Structures are given as structure tokens and as C-alpha cells.
Amino acid sequence: MDITVEQLAEARLITAQDREVPVPATLRYTAGDPLAVFVDFPAEAALHGEDVTWTFARALLDQGLRAPAGHGDVLIWPYGRTRTVLEFHSPHGMALLLFQASALRRFLVRTYAVVAGGQEDVAGVVERGLSTLFGGV
């Protein structure tokens, strides 16, 4: 059974003028892709007016709640005692978002209740990824 965990969260987008603009987000996790977490943003919050989903490692989110983590397209670090920064890079630009750390921790606890850390079916993930990549060849 492919269990999905979803949690609404309000992010605060940091603008070039250092203003914080509220942005709705949905944190999502599926047992069928146990190594990943997803952050979904609705069209009205996205640059091009289309829904946007960022996918990155669940372990990265876990690490970023305690200390700076990541490289490349996704960086995560604590911001004070109560907030966490998620920084997303794409060919279209960069987005800097603040989340309540407690909301991210609550989400992670819920994901680990579905698939415990270290119990992810890595072989299954690789097999499904290769099958998708090669189209069942």
C-alpha cells in the first residue's frame, strides 16, 4: 500500500527587498518514494503561474533542521531557534523561503512513522527509477 503524508504549511518568501510574503505550501511524502520529500506550491505562488513541486532527499530536510545542509539546487539551514530556510535554485532564478521549524519537524516525524529511517526500500526505488528511465526496456 502506497501511503501518502501531506501537511499544509505556510512559508514566507523573502523578496529582493527583504520583505516576507506569505506563500502556501504543501509538504508531501509517499511510501512509494521513501527517500524523497516534496514541497508543492500552488500556481498563484509560482513565478510562471503554474503549480511547482520541489523534490529532494528526506535526509536533507532532516539534516537541514539542525545545521546547514545541501548543495546545488536545494540548501537548508536553521534560522534562529524557530525557523528554517529552504533555498531553491532553478534556471529561472532563486527562491528563499522561511518555514516554522516545528512544522517541518512534525512533518518528518509523520514520514518516519510511515517508513522508518534506514528502512527505505532503496533497491525498489532504484528499480522503479531505472524502469521509468528506460521505459520498461
# chains A, B, ... in the order shown; residues from 1 in each chain; ligands from 1
$ select_by_dssp --residues "segment 5-69 of chain A" --states "alpha helix (DSSP H)" --output "PyMOL selection string"
chain A and resi 58-64
$ write_last_selection --atoms "N, CA, C and O atoms" --output "tab-separated table (two decimals), in the first residue's frame"
chain	number	residue	atom	x	y	z
A	58	ARG	N	14.70	13.29	1.83
A	58	ARG	CA	14.16	13.42	3.18
A	58	ARG	C	15.30	13.63	4.17
A	58	ARG	O	15.18	14.43	5.10
A	59	ALA	N	16.42	12.95	3.97
A	59	ALA	CA	17.57	13.09	4.86
A	59	ALA	C	18.11	14.52	4.83
A	59	ALA	O	18.59	15.03	5.85
A	60	LEU	N	18.03	15.19	3.69
A	60	LEU	CA	18.49	16.57	3.59
A	60	LEU	C	17.63	17.49	4.47
A	60	LEU	O	18.15	18.35	5.18
A	61	LEU	N	16.33	17.28	4.44
A	61	LEU	CA	15.45	18.08	5.30
A	61	LEU	C	15.77	17.82	6.76
A	61	LEU	O	15.87	18.76	7.56
A	62	ASP	N	15.97	16.57	7.11
A	62	ASP	CA	16.30	16.20	8.49
A	62	ASP	C	17.60	16.89	8.92
A	62	ASP	O	17.67	17.50	9.99
A	63	GLN	N	18.62	16.82	8.09
A	63	GLN	CA	19.91	17.44	8.42
A	63	GLN	C	19.80	18.96	8.51
A	63	GLN	O	20.38	19.58	9.40
A	64	GLY	N	19.07	19.55	7.56
A	64	GLY	CA	18.95	21.00	7.50
A	64	GLY	C	18.21	21.61	8.66
A	64	GLY	O	18.34	22.82	8.91
$ residues_around --residues "Trp54 of chain A" --least-positions-apart "5" --cutoff "8 Å" --atoms "only C-alpha atoms" --output "JSON, numbers by chain"
{"A": [38, 39, 40]}
$ select_by_dssp --residues "chain A" --states "strand (DSSP E)" --output "PyMOL selection string"
chain A and resi 4-14+20-30+36-41+52-57+69-71+74-79+83-90+93-100
$ residues_around --residues "segment 74-86 of chain A" --least-positions-apart "2" --cutoff "7 Å" --atoms "only C-alpha atoms" --output "list in words"
Leu61, Gly64, Leu65, Arg66, Ala67, Pro68, Ala69, Gly70, His71, Gly72, Phe88, His89, Leu96, Leu97, Leu98, Phe99, Gln100 and Ala101 of chain A
$ closest_residue --among "A:Gly135, A:Gly117, A:Gly93, A:Pro24" --to "Pro42 of chain A" --atoms "only C-alpha atoms"
A:Pro24
$ residues_around --residues "Glu120 of chain A" --least-positions-apart "6" --cutoff "10 Å" --atoms "only C-alpha atoms" --output "list in words"
Ala31, Gly32, Asp33, Pro34, Leu35 and Tyr112 of chain A
$ write_last_selection --atoms "N, CA and C atoms" --output "compact mmCIF listing (two decimals), in the first residue's frame"
# COMPACT_ATOMS: atom_id res chain seq x y z
N ALA A 31 5.19 6.68 0.61
CA ALA A 31 5.95 5.47 0.92
C ALA A 31 6.53 4.85 -0.34
N GLY A 32 5.91 5.11 -1.49
CA GLY A 32 6.40 4.57 -2.76
C GLY A 32 7.69 5.22 -3.24
N ASP A 33 8.03 6.38 -2.68
CA ASP A 33 9.28 7.08 -3.00
C ASP A 33 9.89 7.49 -1.66
N PRO A 34 10.34 6.51 -0.87
CA PRO A 34 10.65 6.74 0.55
C PRO A 34 11.87 7.61 0.84
N LEU A 35 12.69 7.86 -0.14
CA LEU A 35 13.87 8.68 0.10
C LEU A 35 13.61 10.16 -0.11
N TYR A 112 8.50 9.44 9.17
CA TYR A 112 9.24 8.32 9.78
C TYR A 112 8.29 7.30 10.40
$ closest_residue --among "A:Ala43, A:Ala11, A:Leu27, A:Ala16" --to "Arg106 of chain A" --atoms "only C-alpha atoms"
A:Leu27
$ atom_distance --atom1 "atom CA of Leu47 of chain A" --atom2 "atom CA of Ala9 of chain A"
19.0 Å
$ atom_distance --atom1 "atom CA of Thr53 of chain A" --atom2 "atom CA of Val37 of chain A"
10.0 Å
$ atom_distance --atom1 "atom CA of Asp2 of chain A" --atom2 "atom CA of Arg105 of chain A"
21.9 Å
